[in-house]
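Shown next: model08.txt, given as compact mmCIF, C-alpha atoms.
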# COMPACT_ATOMS: atom_id res chain seq x y z
CA MET A 26 63.93 116.60 100.06
CA ALA A 27 64.22 116.60 103.81
CA MET A 28 65.24 113.61 105.86
CA THR A 29 62.05 111.77 106.70
CA VAL A 30 61.51 108.68 108.78
CA GLU A 31 61.14 106.63 105.59
CA GLY A 32 64.37 108.02 104.18
CA LEU A 33 66.23 107.35 107.39
CA ALA A 34 64.83 103.81 107.52
CA GLY A 35 65.92 103.27 103.91
CA LEU A 36 69.45 104.46 104.67
CA ALA A 37 69.58 102.23 107.74
CA PHE A 38 68.38 99.26 105.67
CA MET A 39 70.99 99.91 102.99
CA PHE A 40 73.78 100.24 105.55
CA SER A 41 72.75 97.12 107.45
CA SER A 42 72.46 95.09 104.24
CA SER A 43 75.98 96.19 103.32
CA ILE A 44 77.30 94.99 106.67
CA LEU A 45 75.28 91.77 106.32
CA LEU A 46 76.89 91.08 102.95
CA GLN A 47 80.28 91.79 104.49
CA ILE A 48 79.67 89.14 107.15
CA LEU A 49 78.14 86.70 104.66
CA ALA A 50 81.23 86.92 102.47
CA CYS A 51 83.11 85.56 105.45
CA ALA A 52 80.60 83.08 106.84
CA LEU A 53 79.54 81.42 103.57
CA TYR A 54 83.08 80.52 102.63
CA ASN A 55 84.27 79.83 106.20
CA ASN A 56 87.08 82.31 105.78
CA TRP A 57 87.30 85.53 107.77
CA TRP A 58 89.94 87.31 105.68
CA PRO A 59 87.32 89.37 103.76
CA LEU A 60 86.45 91.11 107.01
CA LEU A 61 89.77 92.92 106.64
CA SER A 62 88.13 95.30 104.17
CA ALA A 63 85.67 96.33 106.90
CA LEU A 64 88.62 98.09 108.48
CA MET A 65 88.61 100.43 105.51
CA TYR A 66 84.92 101.17 106.10
CA VAL A 67 85.97 102.55 109.48
CA LEU A 68 88.87 104.54 108.02
CA VAL A 69 86.94 106.19 105.15
CA PRO A 70 85.02 108.76 107.28
CA MET A 71 87.99 109.61 109.51
CA PRO A 72 89.38 112.41 107.28
CA CYS A 73 85.93 114.01 107.25
CA LEU A 74 85.82 113.92 111.03
CA PHE A 75 89.34 115.18 111.63
CA PHE A 76 89.93 117.65 108.80
CA GLY A 77 86.46 118.50 107.55
CA GLY A 78 84.80 119.32 110.85
CA GLY A 79 82.49 116.31 110.66
CA SER A 80 80.86 117.50 107.45
CA THR A 81 81.07 116.13 103.93
CA HIS A 82 80.74 119.58 102.36
CA PHE A 83 84.48 119.91 101.85
CA LEU A 84 84.52 116.97 99.42
CA THR A 85 82.64 118.96 96.78
CA SER A 86 84.28 122.31 97.46
CA ARG A 87 87.12 123.79 95.45
CA ASP A 88 88.99 125.07 98.49
CA SER A 89 92.71 124.48 98.24
CA ASP A 90 93.65 124.56 101.89
CA GLY A 91 96.39 122.08 102.76
CA TRP A 92 94.32 120.20 105.32
CA ILE A 93 91.32 119.94 103.00
CA ASN A 94 93.53 118.55 100.25
CA ALA A 95 94.98 116.05 102.72
CA ALA A 96 91.46 115.02 103.75
CA LYS A 97 90.41 114.55 100.13
CA PHE A 98 93.52 112.46 99.44
CA LEU A 99 93.05 110.26 102.52
CA THR A 100 89.37 109.75 101.74
CA GLY A 101 90.19 108.71 98.19
CA ALA A 102 93.05 106.45 99.24
CA SER A 103 90.94 104.63 101.81
CA SER A 104 88.11 104.28 99.29
CA VAL A 105 90.47 102.71 96.78
CA GLY A 106 91.74 100.45 99.56
CA SER A 107 88.20 99.16 100.05
CA ILE A 108 88.30 97.83 96.48
CA ALA A 109 91.96 96.80 96.50
CA ILE A 110 91.92 94.65 99.63
CA PRO A 111 89.51 92.00 98.26
CA VAL A 112 91.39 91.95 94.94
CA ILE A 113 94.73 91.46 96.69
CA LEU A 114 93.29 88.76 98.94
CA ARG A 115 91.85 86.97 95.90
CA HIS A 116 95.15 87.24 94.04
CA ALA A 117 96.93 85.69 97.02
CA ASP A 118 94.32 82.87 97.05
CA LEU A 119 93.27 83.76 100.58
CA ILE A 120 89.61 84.23 99.58
CA SER A 121 87.45 82.76 96.84
CA THR A 122 86.06 84.60 93.85
CA GLY A 123 82.53 84.49 95.26
CA ALA A 124 83.63 86.18 98.48
CA MET A 125 85.37 88.87 96.43
CA TRP A 126 82.21 89.61 94.45
CA ILE A 127 80.12 89.71 97.61
CA GLU A 128 82.64 92.21 99.01
CA PHE A 129 82.29 94.37 95.88
CA THR A 130 78.50 94.28 96.17
CA SER A 131 78.74 95.26 99.82
CA PHE A 132 81.02 98.17 98.95
CA PHE A 133 78.69 99.31 96.15
CA ILE A 134 75.71 99.36 98.52
CA LEU A 135 77.74 101.24 101.13
CA VAL A 136 78.83 103.84 98.56
CA CYS A 137 75.21 104.30 97.43
CA THR A 138 74.18 104.78 101.06
CA VAL A 139 76.87 107.40 101.65
CA MET A 140 75.97 109.24 98.43
CA CYS A 141 72.28 109.32 99.38
CA PHE A 142 73.13 110.63 102.85
CA HIS A 143 75.49 113.23 101.38
CA ARG A 144 72.79 114.47 99.00
CA VAL A 145 70.24 114.78 101.79
CA SER A 146 72.70 116.51 104.10
CA LEU A 147 73.61 119.07 101.42
CA GLU A 148 69.96 120.02 100.98
CA GLU A 149 69.27 120.29 104.67
CA ASP A 150 70.75 122.72 107.18
CA TRP A 151 71.18 121.07 110.53
Produce structure tokens that represent the structure in this file.
Amino acid sequence: MAMTVEGLAGLAFMFSSSILLQILACALYNNWWPLLSALMYVLVPMPCLFFGGGSTHFLTSRDSDGWINAAKFLTGASSVGSIAIPVILRHADLISTGAMWIEFTSFFILVCTVMCFHRVSLEEDW
């Protein structure tokens, strides 16, 4: 399955709907604290860029290089942070339950988008 225009448009739609839900979680409840988890969306791909050479192939490899293990750890920690930040904000009563669930839905859509892109990029040599 090569990356087609339809596939690229679908990935763009999924990504933009995730960002839209992120903003709606803030705007609907007139509280901009949920946007703090968008910071984690920026931090998640950074280990891939710095330690993985810009590729996601190292995430599925069994290489045990120190830098690759550090990149896997940082990717996992920032992914868990994307879930933990809305929960912590809800526990501190800074956001409402509805905003937390919208944040979770946004994160789920973003993860599905990344997994679809990862699958397509594994099958295709750039």
Margin query: Report as an MDAnalysis selection string all protein, DNA and RNA residues lying within 8 Å of stretch 112-127 of chain A, evaluated on all atoms listed in the file, omitting residues in the same chain fewer than 2 positions from it.
Written below: chainID A and resid 46:47 49:51 54 56 58:59 108:110 129:131
Could those selected residues go to a file with C-alpha atoms, as a tab-separated table (two decimals), in the coordinates of the input?
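Okay, result.tsv is ready:
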chain	number	residue	atom	x	y	z
A	46	LEU	CA	76.89	91.08	102.95
A	47	GLN	CA	80.28	91.79	104.49
A	49	LEU	CA	78.14	86.70	104.66
A	50	ALA	CA	81.23	86.92	102.47
A	51	CYS	CA	83.11	85.56	105.45
A	54	TYR	CA	83.08	80.52	102.63
A	56	ASN	CA	87.08	82.31	105.78
A	58	TRP	CA	89.94	87.31	105.68
A	59	PRO	CA	87.32	89.37	103.76
A	108	ILE	CA	88.30	97.83	96.48
A	109	ALA	CA	91.96	96.80	96.50
A	110	ILE	CA	91.92	94.65	99.63
A	129	PHE	CA	82.29	94.37	95.88
A	130	THR	CA	78.50	94.28	96.17
A	131	SER	CA	78.74	95.26	99.82
Check: Excluding same-chain residues fewer than 6 positions from stretch 89-102 of chain A, what lies within 10 Å of it counting only C-alpha atoms, as a VMD selection string?
Finding: chain A and resid 65 68 to 77 83
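Separating atom CA of A:Phe142 from atom CA of A:Gly78 is a distance of 16.6 Å.
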Check: Could you name the residues that touch stretch 30-38 of chain A at 7 Å or less, counting only C-alpha atoms, but leaving out those on the same chain fewer than 3 positions away, as a list in words?
Finding: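 Surrounding residues, per the criterion: Ser41, Ser42 and Thr138 of chain A.
Each of A:Phe133, A:Pro111, A:Thr85, A:Met28 was checked against A:Ile44 using only C-alpha atoms; the smallest atom-to-atom distance is that of A:Phe133.
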Next item on the list: Please measure the separation of atom CA of A:Tyr66 and atom CA of A:Val105, giving the value in Å to one decimal.
Entry: 11.0 Å
